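> Dumping the structure here so I can ask a few things about it.
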Amino acid sequence: MLDPCVPVVLLRIDPNPFHHGTLGAVRSLGRCGVEVHVAAVADGSPVARSRYVRQMHLPPRPGASSSEVVGALRRIAARITRPGVLIPMDDAGAIAVSRLRPALAETFLLPEQPERLAEHVADKARLPDLCRAAGIGHPPVVLPRDEHEAYAAVAELGLPAVAKWSRPWLLPQGSGLRSTCLIGSPEEARSLYVRGAGTGSELLLQKYLAAGQGRDWFFHGYVDRHGRLHGGGAGSKRHAWPRGAGLTAVGRWSPVPELQDMVERLVAALGYRGIFDIDFRVDAETGQYCLLDFNPRPGAQFRLFADGNGLDVVRAQYLDLTHQPLPSGHALPGRTFVVENYAPLSALRALVASALPAQRGPAAREFAWNAQDDPAPAWSMATEWSQHAARRLVGRARTAPRAALPEPTEPPVAAPTTAERKASC
């Protein structure tokens with residue numbers, strides 16, 4: 001199916017060692033015989049243990065300048081000694097590559113798309129206008145110009161409200177600012193605006209669409225040089241981590257013609273080329289699919305959409321950029337994807353079901369970490385994740401407030417009320 005004629009470089013600037021999407025890309029291409037190089041932090045990363053990784057390389061640092069990104073990627077290319085396909089695995093990498101395409105095009109094979117388009121679709125401040133132009137739903141948003149407008153906007157949107165940073169890749173490391181969070185008061189909105197001042201990323205306040213079974217959806221795909229869609233589909237988020245507002249812990253391939261039409265219309269209007277991952281949520285009041293995020297790179301659960309011909313978005317990009325024919329899509333509705341460290345009970349049930357003869361076959365399921373042909377990352381993840389969880393628990397215990405013990409001669413002290421506990425924090 002695939003001629004492994006050139007190497008591939010997977011770029012991840014974000015230092016998260018537990019990014020299972022990167023492992024999925026390593027395995028997808030490595031199983032076809034492609035020489036896979038990974039530019040990502042190797043320390044503590046289970047991805048580095050995969051049998052399909054030819055070599056790990058030092059990535060550009062978070063917040064690196066354009067010249068630093070180009071320099072780091074050219075050094076990797078020099079070690080490989082021949083041009084290869086470059087696939088960014090996070091927003092920071094995708095935006096950097098989109099911005100620097102002219103400087104990288106001689107060294108790497110890249111999709112051709114309008115200049116800085118990846119940056120435009122990832123910018124959450126631009127997204128509402130892009131949706132309106134394409135006739136696609138988007139939740140109401142407010143972009144406050146100062147802390148007082150942030151405080152007042154919450155009354156307009158209602159509580160809870162969603163707070164987002166328009167360009168989360170610009171948030172300083174260690175700032176404690178999350179790309180998306182729920183806020184429960186006007187004061188939280190005001191405080192968040194003040195904390196983010198000067199980061200280069202605007203604060204957006206967005207109406208909260210309630211989560212619920214059957215309301216969270218995503219759509220993955222690859223748009224080839226001719227504008228045709230390959231390697232993806234619509235999926236429903238069965239379980240999320242954190243619950244109700246996080247990444248996909250369990251997903252199911254569930255074709256929805258309405259979403260397919262929306263996505264095709266949007267990418268055509270944008271002239272988009274390459275891999276994308278779009279998140280939707282159904283507005284319970286109107287029943288409308290509302291677009292929440294447009295990510296110009298593979299979603300972490302992209303392997304959910306590995307079809308009956310073995311095609312997924314990274315293989316589609318590899319085939320297209322190396323001028324090889326792409327096979328016709330062969331959807332596998334009902335296929336599931338499970339992330340073991342975020343949904344352990346679901347993973348256990350899926351592992352038991354996988355042992356049943358009736359449940360075997362390509363349409364059944366895929367795990368983020370566990371794979372019979374590549375077991376080392378799963379064992380490494382189990383070890384590293386346990387240590388990571390233990391460190392977080394110890395950190396919380398050390399920072400938790402401790403109640404003072406009463407002197408022996410004094411009468412017992414009544415337990416503090418909830419209000420008093422909050423005031424003491």
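Residues in the structure tokens are named by chain (A, B, ... in the order shown) and by number from 1 within that chain; ligands are numbered from 1 in the order shown.
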Write out as a PyMOL selection string the set of residues from region 19-257 of chain A that DSSP, computed on the backbone, places in alpha helix (DSSP H).
chain A and resi 20-30+66-80+91-99+101-104+117-122+127-134+147-157+186-196+257
> Dump as JSON lines the rows for residues of region 202-236 of chain A within 8 Å of region 142-152 of chain A: closest atom pair and distance in Å with one decimal, only C-alpha atoms counted, ordered by chain and rising residue number.

```
{"residue": "A:Glu202", "atom": "CA", "partner": "A:Leu143", "partner_atom": "CA", "distance": 7.4}
{"residue": "A:Leu203", "atom": "CA", "partner": "A:Leu143", "partner_atom": "CA", "distance": 6.3}
{"residue": "A:Leu204", "atom": "CA", "partner": "A:Leu143", "partner_atom": "CA", "distance": 4.9}
{"residue": "A:Leu205", "atom": "CA", "partner": "A:Val142", "partner_atom": "CA", "distance": 5.2}
{"residue": "A:Gln206", "atom": "CA", "partner": "A:Val142", "partner_atom": "CA", "distance": 6.4}
```
> DSSP on the backbone, strand (DSSP E or B) only: what residues of region 55-96 of chain A does that give? Format it as a PyMOL selection string.
chain A and resi 55-57+84-88
> Write to file, as a CSV table (one decimal), in the first residue's frame, the residues of the selection just made, with N, CA, C and O atoms.

```
chain,number,residue,atom,x,y,z
A,55,GLN,N,15.2,7.5,15.6
A,55,GLN,CA,16.0,8.4,16.4
A,55,GLN,C,15.2,9.5,17.0
A,55,GLN,O,14.3,10.0,16.4
A,56,MET,N,15.5,9.8,18.3
A,56,MET,CA,14.9,11.0,18.9
A,56,MET,C,15.8,12.2,18.7
A,56,MET,O,17.1,12.0,18.7
A,57,HIS,N,15.3,13.4,18.5
A,57,HIS,CA,16.1,14.6,18.3
A,57,HIS,C,15.6,15.7,19.2
A,57,HIS,O,14.4,15.7,19.7
A,84,GLY,N,12.6,14.9,4.0
A,84,GLY,CA,11.6,14.0,4.5
A,84,GLY,C,10.3,14.8,4.7
A,84,GLY,O,10.2,16.0,4.6
A,85,VAL,N,9.2,14.0,5.0
A,85,VAL,CA,7.9,14.6,5.4
A,85,VAL,C,8.0,15.1,6.8
A,85,VAL,O,8.4,14.4,7.7
A,86,LEU,N,7.6,16.3,7.0
A,86,LEU,CA,7.5,16.9,8.3
A,86,LEU,C,6.1,17.0,8.8
A,86,LEU,O,5.2,17.7,8.1
A,87,ILE,N,5.8,16.5,10.0
A,87,ILE,CA,4.4,16.5,10.5
A,87,ILE,C,4.4,17.0,11.9
A,87,ILE,O,4.9,16.4,12.8
A,88,PRO,N,4.0,18.3,12.1
A,88,PRO,CA,3.9,18.8,13.5
A,88,PRO,C,2.8,18.1,14.2
A,88,PRO,O,1.7,17.8,13.7
```
> Mind running region 49-92 of chain A against region 13-24 of chain A at 7 Å and telling me each contacting residue's nearest atom pair with the distance in Å (one decimal), counting only C-alpha atoms, chain and number ascending, as JSON lines?

```
{"residue": "A:Pro59", "atom": "CA", "partner": "A:Ile13", "partner_atom": "CA", "distance": 6.0}
{"residue": "A:Pro60", "atom": "CA", "partner": "A:Ile13", "partner_atom": "CA", "distance": 6.1}
{"residue": "A:Arg61", "atom": "CA", "partner": "A:Ile13", "partner_atom": "CA", "distance": 6.4}
{"residue": "A:Pro62", "atom": "CA", "partner": "A:Ile13", "partner_atom": "CA", "distance": 5.9}
{"residue": "A:Met89", "atom": "CA", "partner": "A:Thr22", "partner_atom": "CA", "distance": 6.5}
{"residue": "A:Asp90", "atom": "CA", "partner": "A:Asp14", "partner_atom": "CA", "distance": 6.9}
{"residue": "A:Ala92", "atom": "CA", "partner": "A:Ile13", "partner_atom": "CA", "distance": 6.4}
```
> Between A:Asp224, A:Glu115, A:Asp91, A:Glu106, which residue has the minimum interatomic distance to Ala77 (chain A), considering only C-alpha atoms?
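The answer is A:Glu106, which sits nearest to Ala77 (chain A).
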> Please report as a Markdown table every residue of region 103-127 of chain A lying within 12 Å of region 256-268 of chain A, along with the nearest atom pair and their distance in Å (one decimal), using only C-alpha atoms.

```
| residue | atom | partner | partner_atom | distance |
| --- | --- | --- | --- | --- |
| A:Gln113 | CA | A:Val267 | CA | 10.9 |
| A:Pro114 | CA | A:Val267 | CA | 11.8 |
| A:Leu117 | CA | A:Val267 | CA | 10.9 |
| A:Ala118 | CA | A:Val267 | CA | 11.7 |
| A:Val121 | CA | A:Val267 | CA | 10.3 |
| A:Leu127 | CA | A:Leu266 | CA | 11.3 |
```
> Go through A:Ala155, A:Asp283, A:Pro139, A:Val6 and flag the residue nearest Gln324 (chain A), using only C-alpha atoms for the distances.
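The answer is A:Val6, which sits nearest to Gln324 (chain A).
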> Pick out the residues sitting within 7 Å of Arg273 (chain A), and hand them over as JSON, numbers by chain; count only C-alpha atoms, and ignore anything fewer than 3 positions along from it in its own chain.
{"A": [111, 112, 113, 223, 224, 225, 227]}
> Keeping only N, CA and C atoms, take the residues you just selected and write them out as a tab-separated table (two decimals), in the first residue's frame.

```tsv
chain	number	residue	atom	x	y	z
A	111	PRO	N	2.62	20.36	3.11
A	111	PRO	CA	1.42	20.73	2.34
A	111	PRO	C	1.49	22.20	1.92
A	112	GLU	N	0.94	22.50	0.77
A	112	GLU	CA	0.86	23.88	0.30
A	112	GLU	C	-0.48	24.47	0.71
A	113	GLN	N	-0.43	25.54	1.51
A	113	GLN	CA	-1.66	26.21	1.92
A	113	GLN	C	-1.37	27.70	2.08
A	223	VAL	N	-6.64	17.06	4.07
A	223	VAL	CA	-7.03	17.65	2.79
A	223	VAL	C	-5.82	17.60	1.86
A	224	ASP	N	-5.94	16.89	0.73
A	224	ASP	CA	-4.81	16.73	-0.17
A	224	ASP	C	-4.62	17.96	-1.06
A	225	ARG	N	-3.65	17.89	-1.96
A	225	ARG	CA	-3.29	19.03	-2.80
A	225	ARG	C	-4.42	19.46	-3.73
A	227	GLY	N	-7.62	19.39	-2.71
A	227	GLY	CA	-8.74	19.81	-1.88
A	227	GLY	C	-9.68	18.69	-1.49
```
> Could you give me, as a PyMOL selection string, the residues within 12 Å of Thr286 (chain A), counting only C-alpha atoms and dropping anything in the same chain fewer than 3 positions from it?
chain A and resi 137-139+209+215+281-283+289-290
> Would you export the selected residues with C-alpha atoms as a PDB file, in the first residue's frame, please?

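This went into part-v6.pdb:
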```
ATOM      1  CA  GLY A 137     -22.524  27.559  14.490  1.00  0.00           C
ATOM      2  CA  HIS A 138     -20.252  28.934  17.222  1.00  0.00           C
ATOM      3  CA  PRO A 139     -21.073  29.759  20.873  1.00  0.00           C
ATOM      4  CA  LEU A 209     -22.633  24.763  26.363  1.00  0.00           C
ATOM      5  CA  ARG A 215     -23.110  16.254  22.741  1.00  0.00           C
ATOM      6  CA  ARG A 281     -20.443  20.500  20.917  1.00  0.00           C
ATOM      7  CA  VAL A 282     -24.194  20.319  20.470  1.00  0.00           C
ATOM      8  CA  ASP A 283     -26.129  23.257  21.914  1.00  0.00           C
ATOM      9  CA  TYR A 289     -23.551  21.655  16.205  1.00  0.00           C
ATOM     10  CA  CYS A 290     -21.237  24.458  17.378  1.00  0.00           C
TER      11      CYS A 290
END
```
> Give me the residues within 8 Å of Ser45 (chain A) as a PyMOL selection string, counting only C-alpha atoms and dropping any in the same chain fewer than 3 places off.
chain A and resi 17-18+41-42+48-49+380-381
> Write out, as a PDB file, in the first residue's frame, the residues just selected, with N, CA and C atoms.

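Below you can see again39.pdb, which holds the result:
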```pdb
ATOM      1  N   PRO A  17       5.255  14.569  28.068  1.00  0.00           N
ATOM      2  CA  PRO A  17       5.834  13.264  27.709  1.00  0.00           C
ATOM      3  C   PRO A  17       4.783  12.194  27.427  1.00  0.00           C
ATOM      4  N   PHE A  18       3.519  12.445  27.789  1.00  0.00           N
ATOM      5  CA  PHE A  18       2.476  11.429  27.657  1.00  0.00           C
ATOM      6  C   PHE A  18       1.547  11.693  26.475  1.00  0.00           C
ATOM      7  N   VAL A  41      10.904  16.039  23.426  1.00  0.00           N
ATOM      8  CA  VAL A  41      11.636  15.755  24.659  1.00  0.00           C
ATOM      9  C   VAL A  41      11.604  14.251  24.910  1.00  0.00           C
ATOM     10  N   ALA A  42      12.773  13.647  25.080  1.00  0.00           N
ATOM     11  CA  ALA A  42      12.868  12.196  25.242  1.00  0.00           C
ATOM     12  C   ALA A  42      12.825  11.763  26.699  1.00  0.00           C
ATOM     13  N   ALA A  48       9.650   7.420  23.283  1.00  0.00           N
ATOM     14  CA  ALA A  48      11.036   7.125  22.921  1.00  0.00           C
ATOM     15  C   ALA A  48      11.350   5.638  23.012  1.00  0.00           C
ATOM     16  N   ARG A  49      10.512   4.860  23.682  1.00  0.00           N
ATOM     17  CA  ARG A  49      10.744   3.418  23.845  1.00  0.00           C
ATOM     18  C   ARG A  49      10.188   2.609  22.682  1.00  0.00           C
ATOM     19  N   SER A 380       6.403   1.395  29.844  1.00  0.00           N
ATOM     20  CA  SER A 380       7.044   2.635  30.263  1.00  0.00           C
ATOM     21  C   SER A 380       6.009   3.646  30.739  1.00  0.00           C
ATOM     22  N   MET A 381       4.873   3.744  30.017  1.00  0.00           N
ATOM     23  CA  MET A 381       3.822   4.669  30.426  1.00  0.00           C
ATOM     24  C   MET A 381       3.300   4.314  31.815  1.00  0.00           C
TER      25      MET A 381
END
```
> For each of A:Gly33, A:Gly135, A:Pro140, A:Gly308, take the minimum atom-to-atom distance to Gly232 (chain A), counting only C-alpha atoms, then give the residue where this is smallest.
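With only C-alpha atoms as the atom set, the closest residue is A:Gly308.
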> Neighbours of Gly231 (chain A) within 6 Å (only C-alpha atoms; same-chain residues fewer than 3 positions away dropped), as JSON, numbers by chain?
{"A": [221, 311, 312, 313]}
> Mind checking which residues fall within 9 Å of Ala347 (chain A), counting only C-alpha atoms, ignoring those fewer than 5 positions away in the same chain, and posting them as a PyMOL selection string?
chain A and resi 250+338-342+352+367
> Quick one: write out the picked residues with all heavy atoms as a short mmCIF file (atom, residue, chain, number, x, y, z; two decimals), in the first residue's frame?

```cif
data_model
loop_
_atom_site.label_atom_id
_atom_site.label_comp_id
_atom_site.auth_asym_id
_atom_site.auth_seq_id
_atom_site.Cartn_x
_atom_site.Cartn_y
_atom_site.Cartn_z
N VAL A 250 -12.19 8.11 25.76
CA VAL A 250 -12.80 7.03 24.98
C VAL A 250 -13.59 7.67 23.85
O VAL A 250 -14.44 8.54 24.10
CB VAL A 250 -13.74 6.14 25.83
CG1 VAL A 250 -14.35 5.03 24.97
CG2 VAL A 250 -13.00 5.54 27.02
N VAL A 338 -9.33 3.95 23.01
CA VAL A 338 -9.30 4.04 24.47
C VAL A 338 -7.91 4.46 24.93
O VAL A 338 -6.90 3.89 24.50
CB VAL A 338 -9.66 2.69 25.12
CG1 VAL A 338 -9.71 2.82 26.64
CG2 VAL A 338 -10.99 2.17 24.59
N VAL A 339 -7.86 5.49 25.79
CA VAL A 339 -6.60 5.96 26.37
C VAL A 339 -6.51 5.39 27.79
O VAL A 339 -7.24 5.83 28.69
CB VAL A 339 -6.53 7.50 26.39
CG1 VAL A 339 -5.15 7.96 26.85
CG2 VAL A 339 -6.85 8.06 25.02
N GLU A 340 -5.60 4.43 27.98
CA GLU A 340 -5.60 3.64 29.20
C GLU A 340 -5.39 4.46 30.47
O GLU A 340 -6.04 4.20 31.49
CB GLU A 340 -4.50 2.56 29.12
CG GLU A 340 -4.67 1.58 27.99
CD GLU A 340 -3.94 1.96 26.72
OE1 GLU A 340 -3.96 3.16 26.36
OE2 GLU A 340 -3.31 1.08 26.11
N ASN A 341 -4.48 5.43 30.45
CA ASN A 341 -4.19 6.16 31.68
C ASN A 341 -5.27 7.19 32.03
O ASN A 341 -5.33 7.68 33.16
CB ASN A 341 -2.83 6.87 31.60
CG ASN A 341 -2.65 7.68 30.33
OD1 ASN A 341 -3.06 7.27 29.26
ND2 ASN A 341 -2.02 8.84 30.44
N TYR A 342 -6.15 7.52 31.08
CA TYR A 342 -7.24 8.46 31.35
C TYR A 342 -8.58 7.75 31.55
O TYR A 342 -9.52 8.35 32.09
CB TYR A 342 -7.38 9.47 30.21
CG TYR A 342 -6.16 10.35 30.04
CD1 TYR A 342 -5.68 10.66 28.77
CD2 TYR A 342 -5.49 10.87 31.14
CE1 TYR A 342 -4.56 11.47 28.61
CE2 TYR A 342 -4.38 11.66 30.98
CZ TYR A 342 -3.91 11.97 29.71
OH TYR A 342 -2.80 12.77 29.56
N VAL A 352 -10.53 -7.08 28.06
CA VAL A 352 -11.24 -8.35 28.23
C VAL A 352 -12.03 -8.69 26.98
O VAL A 352 -12.01 -9.81 26.48
CB VAL A 352 -12.16 -8.29 29.47
CG1 VAL A 352 -13.04 -9.53 29.55
CG2 VAL A 352 -11.32 -8.15 30.74
N PHE A 367 -6.02 0.82 21.25
CA PHE A 367 -5.58 1.44 22.50
C PHE A 367 -4.49 2.46 22.20
O PHE A 367 -3.72 2.31 21.26
CB PHE A 367 -5.04 0.37 23.46
CG PHE A 367 -6.07 -0.62 23.89
CD1 PHE A 367 -6.20 -1.84 23.24
CD2 PHE A 367 -6.93 -0.32 24.94
CE1 PHE A 367 -7.15 -2.76 23.64
CE2 PHE A 367 -7.89 -1.24 25.34
CZ PHE A 367 -8.00 -2.46 24.69
#
```
